[in-house]
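K.L.:
Below you'll find model_12.csv; it's CSV, C-alpha atoms.
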chain,number,residue,atom,x,y,z
O,1,MET,CA,-3.8,19.8,4.9
O,2,ASP,CA,-3.3,17.4,1.9
O,3,LEU,CA,0.4,16.4,2.4
O,4,ALA,CA,0.2,13.8,-0.4
O,5,THR,CA,-0.6,16.5,-3.0
O,6,LYS,CA,1.8,19.1,-1.4
O,7,PHE,CA,4.8,16.8,-1.4
O,8,ARG,CA,4.1,14.9,-4.6
O,9,PRO,CA,7.3,14.7,-6.7
O,10,LYS,CA,7.3,17.3,-9.5
O,11,THR,CA,10.6,16.3,-11.2
O,12,LEU,CA,12.4,13.0,-11.8
O,13,ASP,CA,15.0,14.1,-9.3
O,14,ASP,CA,12.3,14.4,-6.6
O,15,PHE,CA,11.6,10.6,-6.6
O,16,THR,CA,12.3,8.4,-3.7
O,17,GLU,CA,14.1,5.3,-5.1
O,18,GLN,CA,12.9,3.9,-8.5
O,19,SER,CA,16.5,4.9,-9.6
O,20,THR,CA,16.7,2.4,-12.5
O,21,VAL,CA,13.4,3.7,-14.1
O,22,VAL,CA,14.3,7.3,-13.4
O,23,GLY,CA,17.7,6.9,-15.0
O,24,ILE,CA,16.3,5.4,-18.2
O,25,LEU,CA,13.6,8.1,-18.5
O,26,LYS,CA,16.3,10.8,-18.1
O,27,SER,CA,18.3,9.3,-20.9
O,28,ILE,CA,15.2,9.2,-23.1
O,29,CYS,CA,14.5,12.8,-22.4
O,30,LYS,CA,17.9,13.8,-23.6
O,31,SER,CA,17.1,12.5,-27.1
O,32,LYS,CA,16.4,15.2,-29.7
O,33,GLU,CA,13.3,13.2,-30.9
O,34,LEU,CA,11.5,10.4,-29.0
O,35,VAL,CA,11.2,7.3,-31.2
O,36,ASN,CA,8.7,5.5,-29.0
O,37,ARG,CA,6.2,7.9,-27.4
O,38,ASN,CA,4.0,5.3,-25.6
O,39,PHE,CA,4.9,4.4,-22.0
O,40,LEU,CA,3.5,1.9,-19.6
O,41,PHE,CA,4.2,2.2,-15.9
O,42,ILE,CA,3.5,-0.9,-13.8
O,43,GLY,CA,3.7,-1.2,-10.1
O,44,PRO,CA,1.9,-1.6,-6.7
O,45,ALA,CA,-0.5,1.2,-5.6
O,46,GLY,CA,1.2,4.3,-4.2
O,47,THR,CA,4.7,3.7,-5.7
O,48,GLY,CA,4.6,6.7,-8.0
O,49,LYS,CA,3.3,5.6,-11.4
O,50,THR,CA,1.1,8.6,-12.2
O,51,SER,CA,3.6,11.0,-10.5
O,52,LEU,CA,6.3,9.6,-12.7
O,53,ALA,CA,4.2,10.3,-15.8
O,54,ARG,CA,3.7,13.9,-14.7
O,55,ALA,CA,7.4,14.2,-13.9
O,56,LEU,CA,8.2,13.0,-17.4
O,57,SER,CA,6.0,15.7,-18.8
O,58,TYR,CA,7.7,18.3,-16.7
O,59,GLU,CA,11.1,17.0,-17.8
O,60,LEU,CA,10.2,17.5,-21.5
O,61,ASN,CA,7.9,20.5,-21.3
O,62,GLY,CA,8.7,22.3,-18.1
O,63,ASP,CA,5.8,24.3,-16.6
O,64,ASN,CA,4.4,24.8,-20.1
O,65,GLY,CA,3.2,21.3,-20.7
O,66,GLU,CA,-0.3,20.3,-21.8
O,67,VAL,CA,-1.3,17.3,-19.7
O,68,ILE,CA,-4.6,15.5,-20.1
O,69,GLU,CA,-5.2,13.0,-17.3
O,70,VAL,CA,-8.1,10.5,-17.3
O,71,ASP,CA,-9.1,7.8,-14.9
O,72,ALA,CA,-9.9,4.7,-17.0
O,73,ALA,CA,-12.2,3.3,-14.2
O,74,SER,CA,-14.7,6.0,-15.1
O,75,TYR,CA,-13.6,6.6,-18.7
O,76,SER,CA,-13.6,3.0,-20.0
O,77,GLY,CA,-16.1,3.0,-22.9
O,78,ILE,CA,-15.4,3.1,-26.6
O,79,ASP,CA,-17.0,6.5,-27.0
O,80,ASN,CA,-14.8,8.0,-24.4
O,81,MET,CA,-11.7,6.5,-26.1
O,82,ARG,CA,-12.8,7.8,-29.5
O,83,GLU,CA,-13.0,11.3,-28.1
O,84,LEU,CA,-9.6,10.9,-26.5
O,85,VAL,CA,-8.1,9.6,-29.8
O,86,LYS,CA,-9.3,12.8,-31.5
O,87,GLN,CA,-7.5,14.9,-29.0
O,88,MET,CA,-4.4,12.8,-29.4
O,89,LYS,CA,-4.2,13.6,-33.1
O,90,THR,CA,-4.0,17.4,-32.5
O,91,PHE,CA,-0.8,19.3,-31.9
O,92,PRO,CA,-0.2,20.8,-28.4
O,93,LEU,CA,-1.3,24.4,-27.8
O,94,LYS,CA,1.7,24.9,-25.6
O,95,GLY,CA,4.9,23.0,-24.9
O,96,LYS,CA,6.7,20.6,-27.1
O,97,TYR,CA,4.6,17.6,-26.4
O,98,LYS,CA,0.9,17.0,-25.5
O,99,PHE,CA,0.8,14.4,-22.7
O,100,PHE,CA,-2.1,11.9,-22.1
O,101,ILE,CA,-2.0,10.0,-18.8
O,102,ILE,CA,-4.5,7.1,-18.6
O,103,ASP,CA,-4.6,6.0,-15.0
O,104,GLU,CA,-5.8,2.5,-14.0
O,105,CYS,CA,-5.7,1.7,-17.7
O,106,HIS,CA,-6.5,-2.0,-17.1
O,107,ALA,CA,-10.1,-0.9,-16.6
O,108,LEU,CA,-10.5,0.0,-20.3
O,109,SER,CA,-12.9,-2.2,-22.2
O,110,ASN,CA,-11.8,-4.4,-25.1
O,111,ASN,CA,-13.5,-2.0,-27.5
O,112,ALA,CA,-11.8,1.0,-26.0
O,113,TRP,CA,-8.4,-0.8,-26.5
O,114,GLN,CA,-9.3,-1.5,-30.1
O,115,ALA,CA,-10.1,2.1,-30.6
O,116,ALA,CA,-6.8,3.2,-29.2
O,117,LEU,CA,-4.7,0.6,-31.0
O,118,LYS,CA,-4.1,2.4,-34.3
O,119,THR,CA,-3.2,5.7,-32.5
O,120,LEU,CA,-0.7,3.9,-30.2
O,121,GLU,CA,0.8,2.1,-33.2
O,122,GLU,CA,1.2,5.4,-35.1
O,123,PRO,CA,1.1,8.2,-32.6
O,124,ALA,CA,0.9,11.9,-33.6
O,125,PRO,CA,4.3,13.5,-33.8
O,126,ARG,CA,3.9,15.6,-30.7
O,127,THR,CA,1.7,13.3,-28.6
O,128,ILE,CA,3.0,11.1,-25.7
O,129,THR,CA,0.8,8.6,-24.0
O,130,CYS,CA,1.5,7.3,-20.5
O,131,LEU,CA,-0.5,4.3,-19.3
O,132,CYS,CA,-0.5,3.4,-15.6
O,133,THR,CA,-1.7,0.2,-14.0
O,134,THR,CA,-1.5,-2.2,-11.1
O,135,ASN,CA,-2.8,-5.1,-13.2
O,136,PRO,CA,-0.8,-5.4,-16.5
O,137,GLU,CA,-2.2,-8.9,-17.0
O,138,LYS,CA,-5.5,-7.3,-18.1
O,139,ILE,CA,-3.9,-5.3,-20.9
O,140,PRO,CA,-4.1,-6.9,-24.4
O,141,ALA,CA,-0.9,-8.3,-25.9
O,142,THR,CA,-1.4,-6.1,-28.9
O,143,ILE,CA,-1.1,-3.0,-26.7
O,144,LEU,CA,1.9,-4.3,-24.7
O,145,SER,CA,3.9,-4.8,-27.9
O,146,ARG,CA,3.4,-1.1,-28.7
O,147,VAL,CA,4.6,0.5,-25.4
O,148,GLN,CA,7.8,0.9,-23.4
O,149,THR,CA,7.2,-0.9,-20.2
O,150,PHE,CA,8.6,0.2,-16.8
O,151,GLN,CA,8.2,-1.8,-13.7
O,152,LEU,CA,8.1,0.2,-10.4
O,153,SER,CA,8.9,-1.6,-7.2
O,154,LYS,CA,7.6,-1.1,-3.7
O,155,ILE,CA,9.5,1.5,-1.8
O,156,SER,CA,11.8,0.4,1.0
O,157,LEU,CA,11.0,1.0,4.7
O,158,ASP,CA,14.0,3.4,5.0
O,159,GLY,CA,13.0,5.2,1.9
O,160,ILE,CA,9.4,5.8,3.2
O,161,SER,CA,10.7,6.7,6.7
O,162,ASN,CA,13.1,9.2,5.4
O,163,ARG,CA,10.5,10.9,3.2
O,164,LEU,CA,8.0,11.1,6.1
O,165,THR,CA,10.7,12.6,8.3
O,166,TYR,CA,11.5,15.1,5.6
O,167,ILE,CA,7.8,16.1,5.3
O,168,LEU,CA,7.5,16.5,9.1
O,169,ASN,CA,10.6,18.7,9.2
O,170,SER,CA,9.3,20.8,6.3
O,171,GLU,CA,6.1,21.3,8.2
O,172,GLY,CA,7.9,22.6,11.3
O,173,TYR,CA,7.9,19.4,13.4
O,174,THR,CA,11.0,18.4,15.4
O,175,GLU,CA,12.1,15.1,16.8
O,176,GLY,CA,11.4,14.8,20.5
O,177,THR,CA,8.4,15.3,22.7
O,178,GLY,CA,5.8,18.0,23.2
O,179,SER,CA,3.9,20.1,20.7
O,180,ASN,CA,4.7,19.7,17.0
O,181,SER,CA,7.1,16.8,17.6
O,182,TYR,CA,7.6,13.3,16.4
O,183,THR,CA,9.5,10.2,17.5
O,184,SER,CA,11.5,8.1,15.0
O,185,ASP,CA,9.8,4.8,16.2
O,186,ALA,CA,6.3,6.3,15.4
O,187,VAL,CA,7.4,7.5,11.9
O,188,THR,CA,9.0,4.1,11.2
O,189,PHE,CA,5.8,2.3,12.3
O,190,VAL,CA,3.7,4.5,10.0
O,191,ALA,CA,6.1,3.6,7.2
O,192,LYS,CA,5.6,-0.1,8.0
O,193,LEU,CA,1.8,0.1,7.8
O,194,ALA,CA,2.1,1.5,4.3
O,195,LYS,CA,3.6,-1.8,3.1
O,196,GLY,CA,5.8,-0.2,0.4
O,197,GLY,CA,3.4,2.5,-0.8
O,198,MET,CA,4.5,6.1,-0.4
O,199,ARG,CA,1.1,7.6,-1.0
O,200,ASP,CA,-0.5,5.4,1.6
O,201,ALA,CA,2.2,6.3,4.1
O,202,ILE,CA,1.7,10.1,3.6
O,203,THR,CA,-2.1,9.6,3.9
O,204,LEU,CA,-1.7,7.7,7.2
O,205,LEU,CA,0.7,10.5,8.4
O,206,THR,CA,-1.9,13.1,7.5
O,207,LYS,CA,-4.5,11.2,9.6
O,208,VAL,CA,-2.2,11.1,12.6
O,209,LEU,CA,-1.5,14.8,12.3
O,210,ALA,CA,-5.2,15.6,12.1
O,211,TYR,CA,-5.6,13.7,15.4
O,212,SER,CA,-2.6,15.2,17.3
O,213,ASN,CA,0.3,17.6,16.8
O,214,GLU,CA,2.5,14.9,18.5
O,215,VAL,CA,3.5,12.0,16.3
O,216,ASN,CA,4.3,9.2,18.8
O,217,MET,CA,3.2,5.6,19.2
O,218,GLN,CA,0.2,6.5,21.3
O,219,SER,CA,-1.2,9.0,18.8
O,220,VAL,CA,-0.4,6.6,15.9
O,221,LYS,CA,-2.2,3.8,17.8
O,222,SER,CA,-5.3,5.9,18.6
O,223,SER,CA,-5.7,7.8,15.3
O,224,LEU,CA,-5.1,4.8,13.0
O,225,ASN,CA,-7.3,2.5,15.2
O,226,LEU,CA,-4.5,-0.1,15.5
O,227,PRO,CA,-5.4,-3.5,17.1
O,228,ASN,CA,-5.1,-3.9,20.8
O,229,TYR,CA,-2.0,-6.0,21.0
O,230,ASP,CA,-2.5,-6.6,24.7
O,231,THR,CA,-5.6,-8.6,23.8
O,232,TYR,CA,-3.6,-10.5,21.1
O,233,PHE,CA,-0.9,-11.4,23.7
O,234,GLU,CA,-3.6,-12.4,26.2
O,235,LEU,CA,-5.3,-14.7,23.7
O,236,LEU,CA,-2.0,-16.3,22.6
O,237,ASN,CA,-0.9,-16.9,26.2
O,238,ALA,CA,-4.3,-18.5,26.9
O,239,LEU,CA,-4.0,-20.7,23.8
O,240,VAL,CA,-0.5,-21.9,24.8
O,241,SER,CA,-1.6,-22.6,28.3
O,242,HIS,CA,-4.9,-24.2,27.3
O,243,LYS,CA,-6.9,-21.8,29.5
O,244,ASN,CA,-10.4,-22.3,28.0
O,245,GLU,CA,-12.0,-19.8,30.4
O,246,THR,CA,-9.7,-17.0,29.3
O,247,ILE,CA,-10.1,-17.9,25.6
O,248,VAL,CA,-13.9,-17.6,25.9
O,249,GLN,CA,-13.6,-14.3,27.8
O,250,VAL,CA,-11.4,-12.8,25.1
O,251,ILE,CA,-13.6,-14.0,22.3
O,252,ASP,CA,-16.8,-12.7,24.0
O,253,SER,CA,-15.1,-9.4,24.7
O,254,VAL,CA,-13.9,-8.9,21.1
O,255,TYR,CA,-17.3,-10.0,19.7
O,256,ASN,CA,-19.3,-7.6,21.9
O,257,SER,CA,-16.9,-4.7,21.3
O,258,GLY,CA,-18.5,-4.2,17.8
O,259,VAL,CA,-15.3,-4.7,15.7
O,260,ASN,CA,-15.4,-6.8,12.6
O,261,PHE,CA,-14.9,-10.2,14.1
O,262,VAL,CA,-13.4,-11.9,11.0
O,263,GLU,CA,-11.0,-9.0,10.4
O,264,TRP,CA,-10.0,-9.1,14.0
O,265,PHE,CA,-9.0,-12.8,13.7
O,266,SER,CA,-7.2,-12.0,10.4
O,267,GLY,CA,-5.2,-9.5,12.4
O,268,PHE,CA,-4.5,-12.1,15.1
O,269,HIS,CA,-3.2,-14.4,12.4
O,270,SER,CA,-0.9,-11.6,11.1
O,271,PHE,CA,0.2,-11.1,14.7
O,272,LEU,CA,1.1,-14.8,15.1
O,273,CYS,CA,3.2,-14.6,11.8
O,274,ASN,CA,5.0,-11.6,13.3
O,275,ILE,CA,5.7,-13.5,16.5
O,276,VAL,CA,7.2,-16.3,14.4
O,277,LYS,CA,9.3,-13.7,12.5
O,278,TYR,CA,10.6,-12.3,15.9
O,279,ILE,CA,11.4,-15.7,17.2
O,280,CYS,CA,13.5,-16.4,14.1
O,281,MET,CA,15.2,-13.0,13.9
O,282,GLN,CA,15.1,-11.7,17.5
O,283,ASP,CA,14.5,-8.2,16.2
O,284,ILE,CA,11.1,-6.5,16.8
O,285,SER,CA,11.9,-3.8,14.2
O,286,LYS,CA,11.6,-6.5,11.5
O,287,THR,CA,8.0,-7.1,12.6
O,288,MET,CA,4.7,-5.2,12.5
O,289,ILE,CA,4.4,-5.3,16.3
O,290,PRO,CA,5.1,-1.9,17.9
O,291,SER,CA,8.4,-1.6,19.8
O,292,MET,CA,6.4,-0.7,23.0
O,293,TYR,CA,5.6,-4.4,23.2
O,294,LEU,CA,9.3,-5.6,23.3
O,295,ASP,CA,9.0,-6.7,27.0
O,296,LYS,CA,6.1,-9.0,26.1
O,297,ILE,CA,7.4,-10.4,22.9
O,298,SER,CA,10.9,-11.0,24.2
O,299,SER,CA,9.6,-13.8,26.4
O,300,TYR,CA,8.9,-15.9,23.4
O,301,SER,CA,11.7,-18.3,22.3
O,302,THR,CA,12.2,-21.1,19.8
O,303,ALA,CA,10.1,-23.3,22.2
O,304,HIS,CA,7.1,-21.3,21.1
O,305,LEU,CA,7.8,-21.5,17.4
O,306,ALA,CA,6.0,-24.8,16.7
O,307,VAL,CA,3.0,-23.7,18.8
O,308,CYS,CA,2.7,-20.5,16.8
O,309,LEU,CA,3.0,-22.2,13.5
O,310,LYS,CA,0.4,-24.8,14.4
O,311,LEU,CA,-2.0,-22.0,15.6
O,312,SER,CA,-1.3,-20.0,12.4
O,313,GLN,CA,-2.6,-22.9,10.3
O,314,LYS,CA,-5.6,-23.5,12.5
O,315,LEU,CA,-6.5,-19.8,12.2
O,316,LEU,CA,-6.4,-20.0,8.4
O,317,ASP,CA,-9.0,-22.7,8.5
O,318,MET,CA,-11.1,-20.9,11.1
O,319,ILE,CA,-11.2,-17.6,9.3
O,320,GLN,CA,-12.6,-19.4,6.2
O,321,ASP,CA,-15.3,-20.9,8.2
O,322,LEU,CA,-16.1,-17.6,10.0
O,323,LYS,CA,-16.8,-16.0,6.6
O,324,SER,CA,-19.5,-18.5,5.9
O,325,THR,CA,-21.4,-18.7,9.2
O,326,GLN,CA,-23.4,-16.4,11.5
O,327,TYR,CA,-22.3,-18.3,14.6
O,328,LEU,CA,-19.0,-16.4,15.0
O,329,GLN,CA,-18.5,-16.8,18.7
O,330,GLU,CA,-19.4,-20.5,18.7
O,331,THR,CA,-17.2,-21.2,15.7
O,332,ALA,CA,-14.2,-19.5,17.2
O,333,ILE,CA,-14.6,-21.3,20.5
O,334,THR,CA,-14.9,-24.6,18.7
O,335,TYR,CA,-11.6,-24.0,17.0
O,336,LEU,CA,-9.6,-22.5,19.9
O,337,CYS,CA,-10.7,-24.3,23.0
O,338,THR,CA,-9.2,-27.7,23.9
O,339,VAL,CA,-10.8,-30.6,25.7
O,340,PRO,CA,-9.9,-30.5,29.4
O,341,ARG,CA,-7.8,-33.4,30.6
O,342,LYS,CA,-9.5,-35.6,33.2
O,343,ALA,CA,-8.0,-35.5,36.6
O,344,LYS,CA,-6.3,-38.8,37.5
Turn this file's structure into structure tokens for me.

P.N.:
Amino acid sequence: MDLATKFRPKTLDDFTEQSTVVGILKSICKSKELVNRNFLFIGPAGTGKTSLARALSYELNGDNGEVIEVDAASYSGIDNMRELVKQMKTFPLKGKYKFFIIDECHALSNNAWQAALKTLEEPAPRTITCLCTTNPEKIPATILSRVQTFQLSKISLDGISNRLTYILNSEGYTEGTGSNSYTSDAVTFVAKLAKGGMRDAITLLTKVLAYSNEVNMQSVKSSLNLPNYDTYFELLNALVSHKNETIVQVIDSVYNSGVNFVEWFSGFHSFLCNIVKYICMQDISKTMIPSMYLDKISSYSTAHLAVCLKLSQKLLDMIQDLKSTQYLQETAITYLCTVPRKAK
């Protein structure tokens, strides 16, 4: 069940947010003739760049459009571009315009860009080229001056949550418990994990549904292999209390579990940052920590803020050293344990 493909926007009206870009494109499509037929869509991964190019084709051609889509990462050479340029010079076999979508266009070689330059400067009358990229800084200035650029933004948490809920409802799921159900907190958490990317959010949801027909915090935690926040809380409490024995036990347990040790500590650093966010805002929904841990996190107050900030900086230094040594346990213990005070 490929939900990302099934629920991919087909028309400009289907898009979640990106209202400014969509509004401009709709106005352009109302023109009798397009003056500039080269478009560049910039934005983070999963925000709809390629989908927007396809929707633009649908807006101008309907279902009769001729769309040629290439991935520049595997189509980056000058010979590939010369072949594409030949196709750009021909009239469409069906539809008003022939569409060329070049995804991840920043991967094109300098020679490939040179081969495309003349065609972009003087495009064929019925050819439209849509370039999509996450790295516009890699595109030559000579190309940027010949395209209409549109910046796409990350999608809001509410926008992603609402779309995921719509998908679940469309697939026959209902809010609540039991078979074919979902909970709003689980959907919201999946949306948070996507960090503004709709495609990533739908991919994560697909993974959860493959694991269970109940979308709740437990199924999300298990299917997406989320970190064990109980261990994070245990380590943080041990650090605050200077309990070296507990610190060593947690480190040994994590190391022997087989997880990527450096990534685990990167996750712990992120956890600390979210603790700081909670202390400042007193709202767990503003953090990446699941709501099921509210009882634990609510015990932290402004008195813990300085401790967490200091630990956060220490972890940054530690993670860099962990990346360059094979003595992972020993390095972690050196950073995190404190010298015991002598009894008076």

K.L.:
Have a look at CA of Ala55 (chain O) and CA of Lys10 (chain O) and let me know their distance in Å, one decimal.

P.N.:
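Result for CA of Ala55 (chain O) versus CA of Lys10 (chain O): 5.4 Å, one decimal.
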
K.L.:
When you draw a straight line from CA of Leu131 (chain O) to CA of Thr50 (chain O), how long is it in Å?

P.N.:
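CA of Thr50 (chain O) lies 8.5 Å from CA of Leu131 (chain O).
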
K.L.:
Please, what distance in Å, to one decimal, runs between CA of Asn180 (chain O) and CA of Leu205 (chain O)?

P.N.:
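That distance, rounded to one decimal, is 13.2 Å.
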
K.L.:
For a quick check of understanding, using all atoms listed in the file, which of O:His269, O:Lys207, O:Lys49, O:Lys138 has the smallest distance to Gln313 (chain O)?

P.N.:
O:His269

K.L.:
With all atoms listed in the file as the counted atoms, please give the residues lying no more than 6 Å from region 275-286 of chain O, apart from itself and same-chain residues fewer than 2 positions off, as a PDB file with C-alpha atoms, in the coordinates of the input.

P.N.:
ATOM      1  CA  LEU O 272       1.100 -14.800  15.100  1.00  0.00           C
ATOM      2  CA  CYS O 273       3.200 -14.600  11.800  1.00  0.00           C
ATOM      3  CA  SER O 301      11.700 -18.300  22.300  1.00  0.00           C
TER       4      SER O 301
END

K.L.:
Can you write out as a Markdown table which residues of region 129-171 of chain O fall within 8 Å of region 20-42 of chain O, alongside each residue's closest atom pair and its distance in Å to one decimal, counting all atoms listed in the file and ordering rows by chain and ascending residue number?

P.N.:
| residue | atom | partner | partner_atom | distance |
| --- | --- | --- | --- | --- |
| O:Thr129 | CA | O:Asn38 | CA | 4.9 |
| O:Cys130 | CA | O:Phe39 | CA | 4.7 |
| O:Leu131 | CA | O:Leu40 | CA | 4.7 |
| O:Cys132 | CA | O:Phe41 | CA | 4.9 |
| O:Thr133 | CA | O:Ile42 | CA | 5.3 |
| O:Thr134 | CA | O:Ile42 | CA | 5.8 |
| O:Asn135 | CA | O:Ile42 | CA | 7.6 |
| O:Pro136 | CA | O:Ile42 | CA | 6.8 |
| O:Arg146 | CA | O:Asn38 | CA | 7.1 |
| O:Val147 | CA | O:Asn38 | CA | 4.8 |
| O:Gln148 | CA | O:Phe39 | CA | 4.8 |
| O:Thr149 | CA | O:Leu40 | CA | 4.7 |
| O:Phe150 | CA | O:Phe41 | CA | 4.9 |
| O:Gln151 | CA | O:Ile42 | CA | 4.8 |
| O:Leu152 | CA | O:Ile42 | CA | 5.8 |

K.L.:
Please provide as a PyMOL selection string all residues within 7 Å of Leu224 (chain O), with the sequence filter that same-chain residues fewer than 3 positions apart are discarded (counting all atoms listed in the file).

P.N.:
chain O and resi 208+220-221

K.L.:
So, counting all atoms listed in the file, which residue among O:Thr16, O:Gln218, O:Ser51, O:Thr334 is closest to Asn244 (chain O)?

P.N.:
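With all atoms listed in the file as the atom set, the closest residue is O:Thr334.
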